[in-house]
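The structure file coords_22.tsv is reproduced below (TSV, C-alpha atoms (C1' of nucleotides)).
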```tsv
chain	number	residue	atom	x	y	z
A	1	MET	CA	-2.21	-29.81	-9.58
A	2	THR	CA	-3.09	-31.88	-6.52
A	3	SER	CA	-1.27	-35.01	-7.58
A	4	PRO	CA	1.98	-35.95	-5.84
A	5	GLY	CA	4.89	-34.13	-7.39
A	6	ALA	CA	2.78	-31.22	-8.51
A	7	HIS	CA	4.23	-27.79	-8.11
A	8	GLY	CA	3.37	-25.68	-5.12
A	9	ILE	CA	4.25	-25.42	-1.47
A	10	ASP	CA	6.00	-28.44	0.03
A	11	THR	CA	4.86	-27.75	3.57
A	12	PRO	CA	6.98	-30.36	5.37
A	13	SER	CA	10.11	-29.03	3.66
A	14	LEU	CA	9.11	-25.47	4.51
A	15	LEU	CA	8.54	-26.23	8.19
A	16	SER	CA	11.77	-28.21	8.42
A	17	TRP	CA	13.70	-25.36	6.87
A	18	PHE	CA	12.16	-22.84	9.25
A	19	SER	CA	13.02	-24.87	12.34
A	20	GLY	CA	16.68	-24.57	11.42
A	21	ALA	CA	16.92	-21.26	9.60
A	22	GLY	CA	14.29	-19.06	11.24
A	23	ARG	CA	15.61	-16.01	13.02
A	24	PRO	CA	15.30	-15.87	16.82
A	25	LEU	CA	13.26	-12.67	16.83
A	26	PRO	CA	12.29	-11.55	20.36
A	27	TRP	CA	8.55	-11.52	19.67
A	28	ARG	CA	8.72	-15.17	18.66
A	29	GLU	CA	9.74	-16.24	22.15
A	30	ASP	CA	7.35	-18.02	24.47
A	31	GLY	CA	5.30	-15.84	26.76
A	32	VAL	CA	5.15	-12.78	24.52
A	33	SER	CA	1.77	-11.11	25.03
A	34	ALA	CA	-0.80	-10.39	22.35
A	35	TRP	CA	-0.25	-6.67	22.85
A	36	GLU	CA	3.49	-7.09	22.36
A	37	ILE	CA	2.85	-8.98	19.14
A	38	LEU	CA	0.37	-6.41	17.91
A	39	LEU	CA	2.98	-3.74	18.61
A	40	CYS	CA	5.69	-5.44	16.59
A	41	GLU	CA	3.30	-6.09	13.70
A	42	VAL	CA	2.33	-2.44	13.49
A	43	MET	CA	5.94	-1.33	13.74
A	44	SER	CA	6.87	-3.78	10.98
A	45	GLN	CA	4.37	-2.36	8.48
A	46	GLN	CA	6.56	-1.27	5.56
A	47	THR	CA	9.58	-1.18	7.85
A	48	PRO	CA	12.45	-3.70	7.86
A	49	VAL	CA	12.29	-6.00	10.88
A	50	ALA	CA	15.89	-5.33	11.87
A	51	ARG	CA	15.06	-1.68	12.49
A	52	VAL	CA	12.02	-2.56	14.60
A	53	GLU	CA	13.65	-4.69	17.28
A	54	PRO	CA	15.40	-2.01	19.39
A	55	VAL	CA	12.43	0.35	19.22
A	56	TRP	CA	10.07	-2.46	20.20
A	57	ARG	CA	12.14	-3.19	23.32
A	58	ASP	CA	12.44	0.45	24.39
A	59	TRP	CA	8.77	1.05	23.74
A	60	LEU	CA	7.62	-1.84	25.91
A	61	ALA	CA	10.01	-0.87	28.67
A	62	ARG	CA	8.28	2.51	28.84
A	63	TRP	CA	4.68	1.48	28.07
A	64	PRO	CA	4.25	-2.23	28.89
A	65	GLY	CA	0.62	-2.43	27.84
A	66	PRO	CA	-2.28	-0.62	26.18
A	67	ALA	CA	-3.33	1.16	29.39
A	68	GLU	CA	0.05	2.82	29.77
A	69	LEU	CA	0.24	3.78	26.10
A	70	ALA	CA	-3.28	5.19	26.05
A	71	ALA	CA	-2.28	7.51	28.90
A	72	ALA	CA	0.94	8.70	27.24
A	73	ALA	CA	1.42	12.13	25.69
A	74	PRO	CA	1.33	12.06	21.87
A	75	ALA	CA	4.62	13.99	21.78
A	76	ASP	CA	6.35	11.24	23.73
A	77	VAL	CA	4.82	8.59	21.50
A	78	ILE	CA	6.03	10.36	18.37
A	79	ARG	CA	9.52	10.69	19.82
A	80	MET	CA	9.68	7.07	20.91
A	81	TRP	CA	8.59	6.03	17.42
A	82	GLY	CA	11.87	7.56	16.34
A	83	LYS	CA	12.74	7.07	12.71
A	84	LEU	CA	10.70	3.99	11.91
A	85	GLY	CA	8.90	6.04	9.28
A	86	TYR	CA	5.24	6.80	8.62
A	87	PRO	CA	4.79	8.44	12.04
A	88	ARG	CA	1.02	8.49	11.74
A	89	ARG	CA	1.32	4.86	12.75
A	90	ALA	CA	2.51	6.02	16.16
A	91	LEU	CA	-0.58	8.12	16.72
A	92	ARG	CA	-2.85	5.34	15.49
A	93	LEU	CA	-1.14	2.94	17.84
A	94	ARG	CA	-1.98	5.18	20.77
A	95	GLU	CA	-5.58	5.39	19.56
A	96	CYS	CA	-5.55	1.63	19.18
A	97	ALA	CA	-4.44	1.29	22.79
A	98	ALA	CA	-7.31	3.50	23.90
A	99	VAL	CA	-9.83	1.40	21.98
A	100	VAL	CA	-8.41	-1.81	23.44
A	101	VAL	CA	-8.80	-0.34	26.92
A	102	GLU	CA	-12.25	1.16	26.41
A	103	LYS	CA	-13.95	-1.35	24.15
A	104	PHE	CA	-12.14	-4.59	24.89
A	105	HIS	CA	-11.40	-4.34	28.62
A	106	GLY	CA	-7.69	-3.91	28.03
A	107	GLU	CA	-7.35	-7.23	26.22
A	108	VAL	CA	-6.33	-7.51	22.57
A	109	PRO	CA	-9.32	-9.03	20.76
A	110	THR	CA	-8.97	-12.53	19.34
A	111	GLU	CA	-11.36	-12.36	16.40
A	112	VAL	CA	-10.27	-10.92	13.06
A	113	GLU	CA	-13.55	-9.01	12.83
A	114	ASP	CA	-12.85	-7.24	16.14
A	115	LEU	CA	-9.18	-6.67	15.38
A	116	LEU	CA	-10.14	-4.91	12.15
A	117	THR	CA	-11.95	-2.24	14.18
A	118	LEU	CA	-8.68	-1.13	15.79
A	119	PRO	CA	-6.99	1.98	14.38
A	120	GLY	CA	-3.94	1.09	12.30
A	121	VAL	CA	-4.92	-2.57	12.10
A	122	GLY	CA	-5.79	-3.70	8.59
A	123	ASP	CA	-6.17	-6.99	6.77
A	124	TYR	CA	-2.61	-8.13	7.31
A	125	THR	CA	-2.17	-7.08	10.93
A	126	ALA	CA	-5.57	-8.35	12.07
A	127	ARG	CA	-4.80	-11.84	10.79
A	128	ALA	CA	-1.22	-11.75	11.98
A	129	VAL	CA	-2.40	-11.04	15.53
A	130	ALA	CA	-5.20	-13.61	15.36
A	131	CYS	CA	-2.69	-16.19	14.16
A	132	PHE	CA	0.59	-15.39	15.92
A	133	ALA	CA	-0.85	-14.08	19.20
A	134	HIS	CA	-3.96	-16.22	19.51
A	135	GLY	CA	-3.06	-19.35	17.58
A	136	GLN	CA	-5.88	-19.18	15.08
A	137	ALA	CA	-5.61	-20.96	11.73
A	138	VAL	CA	-6.40	-17.92	9.60
A	139	PRO	CA	-4.51	-17.01	6.42
A	140	VAL	CA	-1.86	-14.35	6.95
A	141	VAL	CA	-0.96	-12.56	3.74
A	142	ASP	CA	1.87	-10.08	3.57
A	143	THR	CA	4.15	-9.10	0.72
A	144	ASN	CA	6.46	-12.04	1.44
A	145	VAL	CA	3.67	-14.60	1.35
A	146	ARG	CA	2.27	-13.12	-1.84
A	147	ARG	CA	5.66	-13.39	-3.53
A	148	VAL	CA	6.31	-16.97	-2.40
A	149	VAL	CA	2.88	-18.07	-3.61
A	150	ALA	CA	3.32	-16.25	-6.91
A	151	ARG	CA	6.54	-18.11	-7.55
A	152	ALA	CA	6.09	-21.53	-6.01
A	153	VAL	CA	2.43	-21.99	-6.94
A	154	ASN	CA	1.76	-19.75	-9.91
A	155	GLY	CA	5.20	-19.92	-11.50
A	156	VAL	CA	5.58	-16.19	-12.00
A	157	ALA	CA	8.32	-13.91	-10.72
A	158	GLU	CA	6.14	-11.33	-8.99
A	159	ALA	CA	2.82	-11.26	-7.22
A	160	GLY	CA	1.22	-8.48	-9.19
A	161	PRO	CA	-1.14	-5.97	-7.62
A	162	PRO	CA	-2.64	-7.13	-4.31
A	163	SER	CA	-6.24	-8.26	-4.10
A	164	ILE	CA	-7.44	-9.05	-0.60
A	165	ARG	CA	-10.07	-11.57	-1.59
A	166	ARG	CA	-7.97	-13.33	-4.18
A	167	ASP	CA	-4.84	-13.41	-2.01
A	168	LEU	CA	-6.70	-14.66	1.05
A	169	ALA	CA	-8.36	-17.42	-0.95
A	170	ALA	CA	-5.04	-18.51	-2.42
A	171	VAL	CA	-3.38	-18.81	0.98
A	172	GLU	CA	-6.46	-20.33	2.61
A	173	ALA	CA	-6.17	-23.19	0.13
A	174	LEU	CA	-2.59	-23.84	1.23
A	175	LEU	CA	-3.09	-23.45	4.98
A	176	PRO	CA	-2.72	-26.56	7.15
A	177	ASP	CA	-5.89	-27.47	9.07
A	178	GLU	CA	-4.28	-27.89	12.45
A	179	CYS	CA	-3.80	-24.59	14.32
A	180	GLN	CA	-0.25	-25.08	15.53
A	181	GLU	CA	0.90	-26.13	12.08
A	182	ALA	CA	-1.00	-23.29	10.45
A	183	VAL	CA	0.75	-20.77	12.68
A	184	THR	CA	4.18	-22.16	11.88
A	185	PHE	CA	3.29	-22.33	8.19
A	186	SER	CA	2.54	-18.61	8.09
A	187	VAL	CA	5.63	-17.59	10.04
A	188	ALA	CA	7.73	-19.83	7.81
A	189	MET	CA	6.26	-18.46	4.59
A	190	MET	CA	7.01	-14.93	5.69
A	191	GLU	CA	10.48	-15.88	6.80
A	192	LEU	CA	11.21	-17.65	3.53
A	193	GLY	CA	10.16	-14.58	1.60
A	194	ALA	CA	12.30	-12.37	3.82
A	195	LEU	CA	15.46	-14.49	3.78
A	196	VAL	CA	15.47	-16.70	0.66
A	197	CYS	CA	12.68	-15.96	-1.79
A	198	THR	CA	13.49	-12.26	-1.82
A	199	ALA	CA	12.24	-9.72	-4.32
A	200	ARG	CA	15.62	-8.71	-5.71
A	201	SER	CA	17.80	-11.79	-5.67
A	202	PRO	CA	16.12	-15.04	-4.69
A	203	ASP	CA	18.52	-17.70	-3.45
A	204	CYS	CA	16.89	-20.72	-5.05
A	205	ASP	CA	19.90	-22.92	-4.27
A	206	ALA	CA	19.12	-22.54	-0.58
A	207	CYS	CA	15.35	-22.79	-0.92
A	208	PRO	CA	13.47	-25.71	0.65
A	209	LEU	CA	10.78	-25.32	-2.01
A	210	ALA	CA	13.09	-25.40	-5.03
A	211	ALA	CA	12.16	-28.98	-5.92
A	212	SER	CA	8.46	-28.18	-5.92
A	213	CYS	CA	8.60	-24.58	-7.13
A	214	ALA	CA	6.62	-23.84	-10.29
A	215	TRP	CA	8.76	-20.80	-11.07
A	216	VAL	CA	12.01	-22.78	-10.86
A	217	ALA	CA	10.47	-25.55	-12.96
A	218	ALA	CA	9.58	-23.00	-15.61
A	219	GLY	CA	13.16	-21.74	-15.73
A	220	ARG	CA	12.56	-18.65	-13.58
A	221	PRO	CA	10.92	-16.57	-16.31
A	222	ALA	CA	11.11	-12.80	-15.96
A	223	TRP	CA	8.01	-10.91	-14.87
A	224	ASP	CA	6.01	-9.72	-17.85
A	225	GLY	CA	3.15	-8.11	-15.96
A	226	PRO	CA	2.69	-4.44	-15.11
A	227	ARG	CA	5.74	-2.79	-13.60
A	228	ARG	CA	5.23	-1.20	-10.21
A	229	LYS	CA	5.48	2.53	-10.25
A	230	ALA	CA	8.87	3.73	-9.18
A	231	GLN	CA	8.66	4.82	-5.56
A	232	THR	CA	10.11	8.31	-5.65
A	233	TYR	CA	10.99	10.13	-2.50
A	234	ALA	CA	13.38	13.01	-3.17
A	235	GLY	CA	11.41	16.19	-3.62
A	236	THR	CA	8.09	14.76	-2.46
A	237	ASP	CA	5.84	16.05	0.27
A	238	ARG	CA	6.82	12.98	2.25
A	239	GLN	CA	10.42	14.09	2.34
A	240	VAL	CA	9.45	17.60	3.43
A	241	ARG	CA	7.17	16.24	6.16
A	242	GLY	CA	10.05	14.11	7.34
A	243	LEU	CA	12.41	17.07	7.47
A	244	LEU	CA	9.91	19.21	9.32
A	245	LEU	CA	9.04	16.57	11.88
A	246	ASP	CA	12.70	15.78	12.37
A	247	VAL	CA	13.28	19.32	13.66
A	248	LEU	CA	10.61	18.90	16.33
A	249	ARG	CA	11.53	15.32	17.19
A	250	ASP	CA	15.20	16.02	17.80
A	251	GLY	CA	14.83	19.25	19.76
A	252	ASP	CA	12.65	19.96	22.76
A	253	GLY	CA	9.54	19.37	20.69
A	254	THR	CA	8.96	22.96	19.69
A	255	ALA	CA	10.34	25.33	17.08
A	256	THR	CA	9.75	28.76	15.60
A	257	ALA	CA	8.30	29.13	12.14
A	258	ALA	CA	11.67	30.47	11.03
A	259	ARG	CA	13.36	27.29	12.17
A	260	LEU	CA	11.01	25.23	10.04
A	261	VAL	CA	11.35	27.54	7.04
A	262	ALA	CA	15.04	26.69	7.00
A	263	VAL	CA	14.49	23.02	6.13
A	264	TRP	CA	12.90	23.55	2.70
A	265	PRO	CA	13.09	26.50	0.31
A	266	ASP	CA	9.86	26.01	-1.65
A	267	THR	CA	7.24	27.97	0.29
A	268	VAL	CA	4.24	26.37	-1.34
A	269	GLN	CA	5.41	22.81	-0.80
A	270	ARG	CA	6.67	23.53	2.70
A	271	ASP	CA	3.35	25.05	3.73
A	272	ARG	CA	1.45	22.18	2.18
A	273	ALA	CA	3.57	19.66	4.09
A	274	LEU	CA	3.20	21.56	7.34
A	275	ASP	CA	-0.55	21.85	6.89
A	276	SER	CA	-0.79	18.12	6.35
A	277	LEU	CA	1.21	17.47	9.52
A	278	LEU	CA	-1.17	19.76	11.41
A	279	ALA	CA	-4.16	17.97	9.88
A	280	ASP	CA	-2.72	14.62	10.91
A	281	GLY	CA	-2.22	15.81	14.47
A	282	LEU	CA	1.51	15.21	14.31
A	283	VAL	CA	2.18	18.91	14.83
A	284	VAL	CA	0.26	21.67	16.60
A	285	ARG	CA	0.61	25.43	16.28
A	286	THR	CA	0.68	27.62	19.36
A	287	GLY	CA	1.02	31.27	18.43
A	288	GLU	CA	4.26	31.70	16.53
A	289	ARG	CA	5.60	28.30	17.41
A	290	TYR	CA	5.07	24.78	16.17
A	291	SER	CA	5.22	21.81	18.53
A	292	LEU	CA	4.68	18.12	18.89
A	293	PRO	CA	1.19	17.53	20.35
A	294	ALA	CA	1.32	17.55	24.15
B	1	DG	C1'	-8.25	0.81	-7.75
B	2	DA	C1'	-5.15	4.71	-7.30
B	3	DC	C1'	-2.79	7.47	-4.29
B	4	DT	C1'	-0.47	9.01	-0.18
B	5	DC	C1'	2.25	8.32	3.82
B	6	DG	C1'	9.13	7.89	6.06
B	7	DT	C1'	13.38	6.05	6.35
B	8	DG	C1'	17.50	3.73	5.32
B	9	DG	C1'	19.99	-0.38	3.58
B	10	DA	C1'	21.37	-3.14	-0.47
B	11	DC	C1'	23.09	-3.51	-4.94
C	1	DT	C1'	24.62	7.00	-8.04
C	2	DG	C1'	20.20	6.05	-8.54
C	3	DT	C1'	16.85	2.51	-8.11
C	4	DC	C1'	14.48	-0.78	-5.58
C	5	DC	C1'	12.08	-2.19	-1.71
C	6	DA	C1'	10.67	-3.30	3.12
C	7	DA	C1'	5.65	-8.15	8.37
C	8	DG	C1'	0.46	-2.11	5.04
C	9	DA	C1'	-3.30	1.12	6.24
C	10	DG	C1'	-6.46	4.80	5.22
C	11	DT	C1'	-8.77	7.67	2.07
```

What would you get if you wrote out this structure as structure tokens?
Amino acid sequence: MTSPGAHGIDTPSLLSWFSGAGRPLPWREDGVSAWEILLCEVMSQQTPVARVEPVWRDWLARWPGPAELAAAAPADVIRMWGKLGYPRRALRLRECAAVVVEKFHGEVPTEVEDLLTLPGVGDYTARAVACFAHGQAVPVVDTNVRRVVARAVNGVAEAGPPSIRRDLAAVEALLPDECQEAVTFSVAMMELGALVCTARSPDCDACPLAASCAWVAAGRPAWDGPRRKAQTYAGTDRQVRGLLLDVLRDGDGTATAARLVAVWPDTVQRDRALDSLLADGLVVRTGERYSLPA
DNA sequence: GACTCGTGGAC
DNA sequence: TGTCCAAGAGT
């Protein structure tokens, strides 16, 4: 599979494609700080990039760096997070800012090992920051990269269940040695997965890897592995949590129990959702009222 | 590993 | 209309 013409990632074609087709996202501009990149990576976890951009700008205008964020009230942080989803990320981000200030002298760490100690920073985000903010040639594996590798290298339609060790090893083997090229490689792989090699309807006619793609060569066979569990939402605790928090987020940050009762009829589920919000620190109870944490 | 945790756009 | 899915992390 290492001989010329073998299937896999045609890196020169990939990089050429990216230079012309990559989106001009604001955090890709020169001079963007490591903190600003960390912020956009956390906001982008499971959230479409297009929805992140305006929140990222507003957020940085209010809290330019970790010191400012660490000093902010949780209620304001939750409100500024808006409707990006998974609001626990907002609280973790504030905790992350505090750790950066207290343990790393206000500077975003450069080593993956140190980045992994930050709240809300996991295997993807740690390597994304090390690579995109600090220029390190470390493998960056997100859902896009996993899908592109599955198709172009392995010749299958989907990536299958994630495995950190296996996925990192697979991408490590593809990563260019030189730092600058490695950084562009990772951005380009993610961008290709986001724009061309998409989950639902890959546009192979527009793909710079089509000529070298193992999946295309095999005739784009359908996925015969395990089907991902359908991601339900309606009727789940997640939906109820969202409805409850929405009441507090949109108002003055406080509401009576009766106001919250109105958003969901099932007492058991509503109480369970509210308890979990309290446990997460997204909501606090003061007497008869519920509020965002001051 | 399996499960939980929001929100909204695309088809 | 309902299903799928999106720059994952924590337990």

message = Rounded to one decimal, what separation in Å do you get between atom CA of A:Glu158 and atom CA of A:Cys207?
response = 16.8 Å

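The part of chain B that reaches within 6 Å of chain A is made up of B:DC5, B:DG6, B:DT7, counting only C-alpha atoms (C1' of nucleotides).
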
message = Set the distance at 10 Å and use all atoms listed in the file: which residues neighbour A:Pro119 once local chain neighbours fewer than 2 positions away are removed? I'd like the list as a list of chain:residue names.
response = A:Arg89, A:Leu91, A:Arg92, A:Leu93, A:Arg94, A:Glu95, A:Cys96, A:Ala97, A:Ala98, A:Val99, A:Val100, A:Leu115, A:Leu116, A:Thr117, A:Val121, A:Gly122, C:DA9, C:DG10

ask   = Which polymer residues, protein or nucleic acid, are no farther than 10 Å from (-10.3, -20.4, 19.5), counting all atoms listed in the file, as an NGL selection string?
value = :A and (110-111 or 130 or 134-137 or 179)

task = Could you list the residues in chain A lying within 10 Å of chain C, using all atoms listed in the file, and format the result as JSON, numbers by chain?
result = {"A": [40, 41, 42, 43, 44, 45, 46, 47, 48, 49, 89, 119, 120, 121, 122, 123, 124, 125, 128, 140, 141, 142, 143, 144, 145, 187, 190, 191, 194, 199, 200, 230, 231, 232]}

query = How far is it from atom CA of A:Trp223 to atom CA of A:Ala157, in Å with one decimal?
reply = 5.1 Å

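Taking atom CA of A:Ala150 and atom CA of A:Pro24 as endpoints, the distance between them is 26.6 Å.
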
message = For a quick check of your reading of the model, name the residues lying within 9 Å of the coordinate (3.8, -23.3, -0.2), counting all atoms listed in the file, and write them as an MDAnalysis selection string.
response = chainID A and resid 8:11 14 145 148:149 152:153 171 174:175 185 189 209 212:213

Emit the selected residues as a PDB file, in the frame of the given file, including C-alpha atoms.
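Here's the written file out05.pdb:
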```
ATOM      1  CA  GLY A   8       3.370 -25.680  -5.120  1.00  0.00           C
ATOM      2  CA  ILE A   9       4.250 -25.420  -1.470  1.00  0.00           C
ATOM      3  CA  ASP A  10       6.000 -28.440   0.030  1.00  0.00           C
ATOM      4  CA  THR A  11       4.860 -27.750   3.570  1.00  0.00           C
ATOM      5  CA  LEU A  14       9.110 -25.470   4.510  1.00  0.00           C
ATOM      6  CA  VAL A 145       3.670 -14.600   1.350  1.00  0.00           C
ATOM      7  CA  VAL A 148       6.310 -16.970  -2.400  1.00  0.00           C
ATOM      8  CA  VAL A 149       2.880 -18.070  -3.610  1.00  0.00           C
ATOM      9  CA  ALA A 152       6.090 -21.530  -6.010  1.00  0.00           C
ATOM     10  CA  VAL A 153       2.430 -21.990  -6.940  1.00  0.00           C
ATOM     11  CA  VAL A 171      -3.380 -18.810   0.980  1.00  0.00           C
ATOM     12  CA  LEU A 174      -2.590 -23.840   1.230  1.00  0.00           C
ATOM     13  CA  LEU A 175      -3.090 -23.450   4.980  1.00  0.00           C
ATOM     14  CA  PHE A 185       3.290 -22.330   8.190  1.00  0.00           C
ATOM     15  CA  MET A 189       6.260 -18.460   4.590  1.00  0.00           C
ATOM     16  CA  LEU A 209      10.780 -25.320  -2.010  1.00  0.00           C
ATOM     17  CA  SER A 212       8.460 -28.180  -5.920  1.00  0.00           C
ATOM     18  CA  CYS A 213       8.600 -24.580  -7.130  1.00  0.00           C
TER      19      CYS A 213
END
```
